[in-house]
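Some notes on the structure that comes next.
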Amino acid sequence: MSISADRKRRASTLLATHLVNPLVKRAVDAGIAPPMVAVLETTGRKSGLPRRTPVGNGLDRDTFWIVAEHGRRAAYVRNVEANSRVRIKVGDRWRAGTANLLPDDDPRERQRRIGRRLNALVVRAMGTDLLTVRVDLDPLPSEQESRPSVLSERVADGLAAGAVAAVLSGAPSTAYAFAAGRAPLEAALAAGTLLLPRERRPGRLLLAAAPVHLALSFGWAVALSLVLPRRGALAAAAVGGLGIAALDLGVVGRRFPRIACLPQAPQVADHLAFGLVVGAIVARRRARRGAHARG
């Protein structure tokens with residue numbers, strides 16, 4: 001290499017290391033980098049740590065092309081020689097692949113084929129020993145494989161909603177009990193009889209009430225999540241809560257005297273609150289997934 005070429009390499013390396021690359025990396029992290037820019041991640045041949053280098057966007061379907069300005073003198077090229085597994089970030093997506101050095105390829109012709117004129121001008125102006133690098137990208141999983149099924153999403157929504165509704169849905173009957181001077185744990189003791197129908201001791205009934213309450217909360221929340229429509233989920237969940245009240249109090253509760261003796265209005269209010277909480281959480285989780293998919 002001539003003295004002038006060596007000076008050009010040192011100057012361009014210094015400029016890239018301390019000015020260009022840090023600015024481009026920040027732009028990529030902030031999501032404001034131009035589409036002609038991508039990021040190559042290699043594994044440091046000495047440190048074993050990820051090393052990221054801005055490169056021109058040479059994506060061509062499942063192949064990514066790079067023209068290294070300084071050939072095998074470039075740090076990322078030496079990293080590739082030690083470990084060919086790399087990652088490429090284009091836009092906001094990372095893709096893994098295997099890098100291959102192509103010393104017999106014409107790098108200038110490759111730049112022309114890639115069609116990135118500005119990047120080609122920079123590489124040709126600053127480059128000293130051009131070398132083509134081809135990255136064979138791993139196949140992308142299909143959309144069906146890469147995202148959870150609708151069923152699993154709805155079950156997860158129901159479980160998340162049930163966890164919150166189990167805590168909040170009893171507020172109406174508890175408030176009524178305090179206002180009316182009744183025992184605030186009366187409904188919990190009644191729920192315990194579903195598991196221990198002949199038990200009379202409050203301590204055991206309270207212990208039995210906990211798994212009963214959680215099982216009913218999670219079970220009904222998942223059931224609601226599975227049937228709630230995409231539009232009007234909150235209203236549908238409120239109707240669903242009233243339907244659950246009719247089943248719990250009007251059908252099942254009649255067979256358990258302690259449940260049948262509970263004031264009906266506060267219990268219906270609990271079920272309505274349950275439906276509203278489940279509907280609100282399910283609708284929110286669906287909206288967040290939709291926004292993420294669009295973004």
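Here, A, B, ... name the chains of the structure tokens in the order displayed, residue numbers run from 1 inside each chain, and ligands are numbered from 1 in the same displayed order.
The neighbours of Asn57 of chain A here are the residues that come within 10 Å of it, using only C-alpha atoms and leaving out any residue fewer than 2 positions away in the same chain; they are Pro34, Pro35, Met36, Val37, Ala38, Val39, Leu40, Pro54, Val55, Leu59, Asp60, Phe64, Trp65, Ile66, Ile88, Lys89, Val90, Gly91, Ile114, Gly115, Arg116 and Asn119 of chain A.
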Dump N, CA and C atoms for the selected residues as an mmCIF file, in the first residue's frame?
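Result file is selection-v7.cif:
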```cif
data_model
loop_
_atom_site.group_PDB
_atom_site.id
_atom_site.type_symbol
_atom_site.label_atom_id
_atom_site.label_comp_id
_atom_site.auth_asym_id
_atom_site.auth_seq_id
_atom_site.Cartn_x
_atom_site.Cartn_y
_atom_site.Cartn_z
ATOM 1 N N PRO A 34 -31.638 7.628 7.905
ATOM 2 C CA PRO A 34 -32.204 7.504 6.559
ATOM 3 C C PRO A 34 -32.216 6.051 6.112
ATOM 4 N N PRO A 35 -33.099 5.694 5.182
ATOM 5 C CA PRO A 35 -33.218 4.290 4.760
ATOM 6 C C PRO A 35 -31.982 3.735 4.073
ATOM 7 N N MET A 36 -31.067 4.602 3.644
ATOM 8 C CA MET A 36 -29.857 4.100 2.979
ATOM 9 C C MET A 36 -28.829 3.586 3.980
ATOM 10 N N VAL A 37 -29.124 3.711 5.284
ATOM 11 C CA VAL A 37 -28.178 3.309 6.326
ATOM 12 C C VAL A 37 -28.655 2.028 6.995
ATOM 13 N N ALA A 38 -27.726 1.144 7.272
ATOM 14 C CA ALA A 38 -27.995 -0.072 8.036
ATOM 15 C C ALA A 38 -26.886 -0.232 9.074
ATOM 16 N N VAL A 39 -27.031 -1.219 9.932
ATOM 17 C CA VAL A 39 -26.019 -1.483 10.965
ATOM 18 C C VAL A 39 -25.604 -2.945 10.879
ATOM 19 N N LEU A 40 -24.307 -3.165 10.842
ATOM 20 C CA LEU A 40 -23.737 -4.514 10.869
ATOM 21 C C LEU A 40 -23.230 -4.804 12.276
ATOM 22 N N PRO A 54 -21.964 1.094 11.298
ATOM 23 C CA PRO A 54 -22.887 1.561 10.262
ATOM 24 C C PRO A 54 -22.351 1.216 8.874
ATOM 25 N N VAL A 55 -23.232 0.746 8.017
ATOM 26 C CA VAL A 55 -22.867 0.411 6.642
ATOM 27 C C VAL A 55 -23.986 0.886 5.724
ATOM 28 N N LEU A 59 -29.428 -4.290 1.243
ATOM 29 C CA LEU A 59 -30.379 -5.395 1.335
ATOM 30 C C LEU A 59 -30.960 -5.733 -0.034
ATOM 31 N N ASP A 60 -30.930 -7.010 -0.359
ATOM 32 C CA ASP A 60 -31.532 -7.515 -1.593
ATOM 33 C C ASP A 60 -32.222 -8.832 -1.259
ATOM 34 N N PHE A 64 -27.578 -9.570 1.885
ATOM 35 C CA PHE A 64 -27.151 -8.207 2.206
ATOM 36 C C PHE A 64 -25.720 -8.043 1.707
ATOM 37 N N TRP A 65 -25.513 -6.984 0.907
ATOM 38 C CA TRP A 65 -24.201 -6.733 0.312
ATOM 39 C C TRP A 65 -23.510 -5.566 1.005
ATOM 40 N N ILE A 66 -22.222 -5.733 1.255
ATOM 41 C CA ILE A 66 -21.389 -4.678 1.832
ATOM 42 C C ILE A 66 -20.125 -4.568 0.993
ATOM 43 N N ILE A 88 -27.752 -7.998 10.993
ATOM 44 C CA ILE A 88 -27.941 -6.781 10.216
ATOM 45 C C ILE A 88 -29.219 -6.106 10.694
ATOM 46 N N LYS A 89 -29.128 -4.801 10.934
ATOM 47 C CA LYS A 89 -30.325 -4.046 11.295
ATOM 48 C C LYS A 89 -30.678 -3.106 10.158
ATOM 49 N N VAL A 90 -31.851 -3.314 9.592
ATOM 50 C CA VAL A 90 -32.389 -2.435 8.559
ATOM 51 C C VAL A 90 -33.714 -1.902 9.079
ATOM 52 N N GLY A 91 -33.827 -0.591 9.200
ATOM 53 C CA GLY A 91 -35.015 -0.026 9.827
ATOM 54 C C GLY A 91 -35.026 -0.373 11.301
ATOM 55 N N ILE A 114 -25.932 -2.528 -6.510
ATOM 56 C CA ILE A 114 -26.693 -2.212 -5.298
ATOM 57 C C ILE A 114 -27.528 -0.963 -5.511
ATOM 58 N N GLY A 115 -26.978 0.002 -6.232
ATOM 59 C CA GLY A 115 -27.748 1.192 -6.572
ATOM 60 C C GLY A 115 -27.775 2.268 -5.516
ATOM 61 N N ARG A 116 -26.891 2.200 -4.517
ATOM 62 C CA ARG A 116 -26.810 3.242 -3.491
ATOM 63 C C ARG A 116 -25.742 4.242 -3.915
ATOM 64 N N ASN A 119 -23.738 6.302 -1.077
ATOM 65 C CA ASN A 119 -22.824 5.421 -0.359
ATOM 66 C C ASN A 119 -21.675 4.981 -1.254
#
```
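Of note, atom CA of Ala68 of chain A and atom CA of Asp138 of chain A are spaced 21.5 Å apart.
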Q: Going by DSSP on the backbone, which bits of segment 165-269 of chain A are alpha helix (DSSP H)? Write them as a PyMOL selection string, please.
A: chain A and resi 165-168+171-180+186-192+202-227+233-247+257-260+264-269
Using C-alpha atoms, can you write the selected residues to a file as a PDB file, in the first residue's frame?
```pdb
ATOM      1  CA  ALA A 165     -60.712  -8.125  38.355  1.00  0.00           C
ATOM      2  CA  ALA A 166     -60.198 -10.570  41.228  1.00  0.00           C
ATOM      3  CA  VAL A 167     -58.969  -7.663  43.345  1.00  0.00           C
ATOM      4  CA  LEU A 168     -61.320  -4.891  42.229  1.00  0.00           C
ATOM      5  CA  ALA A 171     -65.576  -3.310  45.830  1.00  0.00           C
ATOM      6  CA  PRO A 172     -69.361  -2.668  45.443  1.00  0.00           C
ATOM      7  CA  SER A 173     -70.466  -5.380  47.900  1.00  0.00           C
ATOM      8  CA  THR A 174     -67.694  -4.464  50.354  1.00  0.00           C
ATOM      9  CA  ALA A 175     -68.732  -0.815  50.281  1.00  0.00           C
ATOM     10  CA  TYR A 176     -72.360  -1.848  50.793  1.00  0.00           C
ATOM     11  CA  ALA A 177     -71.435  -4.042  53.761  1.00  0.00           C
ATOM     12  CA  PHE A 178     -69.639  -1.186  55.514  1.00  0.00           C
ATOM     13  CA  ALA A 179     -72.457   1.246  54.757  1.00  0.00           C
ATOM     14  CA  ALA A 180     -75.162  -1.151  55.957  1.00  0.00           C
ATOM     15  CA  GLU A 186     -69.913 -12.219  54.474  1.00  0.00           C
ATOM     16  CA  ALA A 187     -69.625 -12.722  50.700  1.00  0.00           C
ATOM     17  CA  ALA A 188     -66.216 -14.364  51.070  1.00  0.00           C
ATOM     18  CA  LEU A 189     -67.543 -16.806  53.667  1.00  0.00           C
ATOM     19  CA  ALA A 190     -70.424 -17.645  51.350  1.00  0.00           C
ATOM     20  CA  ALA A 191     -68.008 -18.302  48.483  1.00  0.00           C
ATOM     21  CA  GLY A 192     -66.108 -20.725  50.705  1.00  0.00           C
ATOM     22  CA  PRO A 202     -65.113 -18.932  59.480  1.00  0.00           C
ATOM     23  CA  GLY A 203     -61.380 -19.611  59.294  1.00  0.00           C
ATOM     24  CA  ARG A 204     -61.731 -22.645  57.069  1.00  0.00           C
ATOM     25  CA  LEU A 205     -64.356 -20.964  54.920  1.00  0.00           C
ATOM     26  CA  LEU A 206     -62.049 -17.999  54.336  1.00  0.00           C
ATOM     27  CA  LEU A 207     -59.215 -20.337  53.342  1.00  0.00           C
ATOM     28  CA  ALA A 208     -61.546 -22.131  50.945  1.00  0.00           C
ATOM     29  CA  ALA A 209     -62.839 -18.841  49.547  1.00  0.00           C
ATOM     30  CA  ALA A 210     -59.427 -17.781  48.184  1.00  0.00           C
ATOM     31  CA  PRO A 211     -58.978 -20.562  45.581  1.00  0.00           C
ATOM     32  CA  VAL A 212     -62.690 -20.444  44.726  1.00  0.00           C
ATOM     33  CA  HIS A 213     -62.566 -16.708  44.091  1.00  0.00           C
ATOM     34  CA  LEU A 214     -59.384 -16.934  42.015  1.00  0.00           C
ATOM     35  CA  ALA A 215     -60.640 -19.889  39.973  1.00  0.00           C
ATOM     36  CA  LEU A 216     -63.927 -18.156  39.191  1.00  0.00           C
ATOM     37  CA  SER A 217     -62.221 -14.841  38.411  1.00  0.00           C
ATOM     38  CA  PHE A 218     -59.652 -16.325  36.038  1.00  0.00           C
ATOM     39  CA  GLY A 219     -62.112 -18.764  34.491  1.00  0.00           C
ATOM     40  CA  TRP A 220     -64.811 -16.214  33.742  1.00  0.00           C
ATOM     41  CA  ALA A 221     -62.261 -13.621  32.604  1.00  0.00           C
ATOM     42  CA  VAL A 222     -60.776 -16.036  30.060  1.00  0.00           C
ATOM     43  CA  ALA A 223     -64.273 -17.012  28.916  1.00  0.00           C
ATOM     44  CA  LEU A 224     -65.180 -13.355  28.376  1.00  0.00           C
ATOM     45  CA  SER A 225     -61.913 -12.629  26.597  1.00  0.00           C
ATOM     46  CA  LEU A 226     -62.540 -15.488  24.160  1.00  0.00           C
ATOM     47  CA  VAL A 227     -65.947 -14.166  23.086  1.00  0.00           C
ATOM     48  CA  ALA A 233     -65.762  -4.902  24.009  1.00  0.00           C
ATOM     49  CA  LEU A 234     -66.522  -2.862  27.139  1.00  0.00           C
ATOM     50  CA  ALA A 235     -70.291  -2.864  26.615  1.00  0.00           C
ATOM     51  CA  ALA A 236     -70.257  -6.547  25.704  1.00  0.00           C
ATOM     52  CA  ALA A 237     -68.230  -7.332  28.828  1.00  0.00           C
ATOM     53  CA  ALA A 238     -70.741  -5.460  30.997  1.00  0.00           C
ATOM     54  CA  VAL A 239     -73.552  -7.559  29.536  1.00  0.00           C
ATOM     55  CA  GLY A 240     -71.401 -10.626  30.072  1.00  0.00           C
ATOM     56  CA  GLY A 241     -70.902  -9.690  33.714  1.00  0.00           C
ATOM     57  CA  LEU A 242     -74.668  -9.485  34.217  1.00  0.00           C
ATOM     58  CA  GLY A 243     -75.051 -12.853  32.512  1.00  0.00           C
ATOM     59  CA  ILE A 244     -72.489 -14.367  34.874  1.00  0.00           C
ATOM     60  CA  ALA A 245     -74.428 -12.854  37.791  1.00  0.00           C
ATOM     61  CA  ALA A 246     -77.606 -14.561  36.599  1.00  0.00           C
ATOM     62  CA  LEU A 247     -75.798 -17.896  36.430  1.00  0.00           C
ATOM     63  CA  PRO A 257     -78.015 -21.309  51.447  1.00  0.00           C
ATOM     64  CA  ARG A 258     -75.276 -18.934  52.505  1.00  0.00           C
ATOM     65  CA  ILE A 259     -75.013 -17.553  48.956  1.00  0.00           C
ATOM     66  CA  ALA A 260     -78.785 -17.393  48.553  1.00  0.00           C
ATOM     67  CA  GLN A 264     -78.679  -9.504  45.591  1.00  0.00           C
ATOM     68  CA  ALA A 265     -78.097  -5.929  44.429  1.00  0.00           C
ATOM     69  CA  PRO A 266     -74.505  -5.615  45.735  1.00  0.00           C
ATOM     70  CA  GLN A 267     -73.664  -9.032  44.282  1.00  0.00           C
ATOM     71  CA  VAL A 268     -75.032  -8.045  40.883  1.00  0.00           C
ATOM     72  CA  ALA A 269     -72.976  -4.840  41.137  1.00  0.00           C
TER      73      ALA A 269
END
```
Can you list, as a short mmCIF file (atom, residue, chain, number, x, y, z; two decimals) with N, CA and C atoms, in the first residue's frame, every protein, DNA or RNA residue that comes within 12 Å of Ala99 of chain A when you count only C-alpha atoms, leaving out same-chain residues fewer than 4 positions away?
```cif
data_model
loop_
_atom_site.label_atom_id
_atom_site.label_comp_id
_atom_site.auth_asym_id
_atom_site.auth_seq_id
_atom_site.Cartn_x
_atom_site.Cartn_y
_atom_site.Cartn_z
N LEU A 40 -24.31 -3.16 10.84
CA LEU A 40 -23.74 -4.51 10.87
C LEU A 40 -23.23 -4.80 12.28
N GLU A 41 -23.65 -5.92 12.84
CA GLU A 41 -23.17 -6.33 14.16
C GLU A 41 -22.32 -7.59 14.01
N THR A 42 -21.06 -7.47 14.37
CA THR A 42 -20.15 -8.62 14.37
C THR A 42 -19.77 -8.94 15.81
N THR A 43 -19.03 -10.02 15.98
CA THR A 43 -18.51 -10.39 17.30
C THR A 43 -17.03 -10.08 17.35
N THR A 63 -30.42 -11.44 0.93
CA THR A 63 -28.97 -11.23 0.84
C THR A 63 -28.66 -9.78 1.16
N PHE A 64 -27.58 -9.57 1.88
CA PHE A 64 -27.15 -8.21 2.21
C PHE A 64 -25.72 -8.04 1.71
N TRP A 65 -25.51 -6.98 0.91
CA TRP A 65 -24.20 -6.73 0.31
C TRP A 65 -23.51 -5.57 1.01
N ILE A 66 -22.22 -5.73 1.25
CA ILE A 66 -21.39 -4.68 1.83
C ILE A 66 -20.12 -4.57 0.99
N TYR A 76 -14.28 -4.76 11.18
CA TYR A 76 -15.41 -5.66 11.10
C TYR A 76 -15.15 -6.82 10.13
N VAL A 77 -14.31 -6.59 9.12
CA VAL A 77 -13.95 -7.68 8.21
C VAL A 77 -13.10 -8.71 8.95
N ARG A 78 -12.18 -8.25 9.78
CA ARG A 78 -11.36 -9.18 10.56
C ARG A 78 -12.22 -9.94 11.57
N ASN A 79 -13.24 -9.26 12.09
CA ASN A 79 -14.17 -9.96 12.98
C ASN A 79 -14.91 -11.06 12.23
N VAL A 80 -15.32 -10.75 11.00
CA VAL A 80 -16.03 -11.74 10.18
C VAL A 80 -15.14 -12.93 9.87
N GLU A 81 -13.86 -12.67 9.64
CA GLU A 81 -12.93 -13.78 9.37
C GLU A 81 -12.83 -14.72 10.57
N ALA A 82 -12.98 -14.15 11.77
CA ALA A 82 -12.90 -14.97 12.98
C ALA A 82 -14.24 -15.64 13.31
N ASN A 83 -15.33 -14.96 12.99
CA ASN A 83 -16.67 -15.49 13.28
C ASN A 83 -17.62 -14.94 12.22
N SER A 84 -18.09 -15.79 11.35
CA SER A 84 -18.89 -15.33 10.21
C SER A 84 -20.34 -15.04 10.56
N ARG A 85 -20.78 -15.41 11.76
CA ARG A 85 -22.17 -15.14 12.14
C ARG A 85 -22.31 -13.67 12.51
N VAL A 86 -23.27 -13.00 11.89
CA VAL A 86 -23.47 -11.57 12.09
C VAL A 86 -24.96 -11.28 12.22
N ARG A 87 -25.24 -10.02 12.52
CA ARG A 87 -26.62 -9.53 12.48
C ARG A 87 -26.64 -8.23 11.69
N ILE A 88 -27.75 -8.00 10.99
CA ILE A 88 -27.94 -6.78 10.22
C ILE A 88 -29.22 -6.11 10.69
N THR A 132 -15.74 -6.99 -1.39
CA THR A 132 -17.16 -7.31 -1.30
C THR A 132 -17.41 -8.33 -0.19
N VAL A 133 -18.44 -8.04 0.61
CA VAL A 133 -18.88 -8.96 1.66
C VAL A 133 -20.34 -9.30 1.39
N ARG A 134 -20.64 -10.56 1.31
CA ARG A 134 -22.03 -11.00 1.12
C ARG A 134 -22.53 -11.65 2.40
N VAL A 135 -23.68 -11.18 2.88
CA VAL A 135 -24.29 -11.76 4.07
C VAL A 135 -25.53 -12.53 3.63
N ASP A 136 -25.50 -13.83 3.84
CA ASP A 136 -26.67 -14.67 3.55
C ASP A 136 -27.56 -14.67 4.79
N LEU A 137 -28.68 -13.97 4.69
CA LEU A 137 -29.56 -13.79 5.84
C LEU A 137 -30.38 -15.05 6.10
N ASP A 138 -30.59 -15.31 7.38
CA ASP A 138 -31.44 -16.44 7.76
C ASP A 138 -32.87 -16.17 7.31
#
```
Q.
Given only C-alpha atoms as the basis, pick out the residue of A:Ile281, A:Gly44, A:Leu131, A:Cys261 nearest to Leu159 of chain A.
A.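 For Leu159 of chain A, the nearest of the candidates is A:Ile281.
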Q | Gap from atom CA of Asp248 of chain A to atom CA of Asp270 of chain A - Å, one decimal | A |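 Going from atom CA of Asp248 of chain A over to atom CA of Asp270 of chain A, I get 11.5 Å.
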Q) Out of A:Gln111, A:Arg198, A:Ala74, A:Arg230, which residue has the shortest atom-to-atom distance to Gly56 of chain A when counting only C-alpha atoms? A)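 The shortest atom-to-atom distance to Gly56 of chain A comes from A:Gln111.
Here atom CA of Leu101 of chain A and atom CA of Arg72 of chain A stand 9.2 Å from one another.
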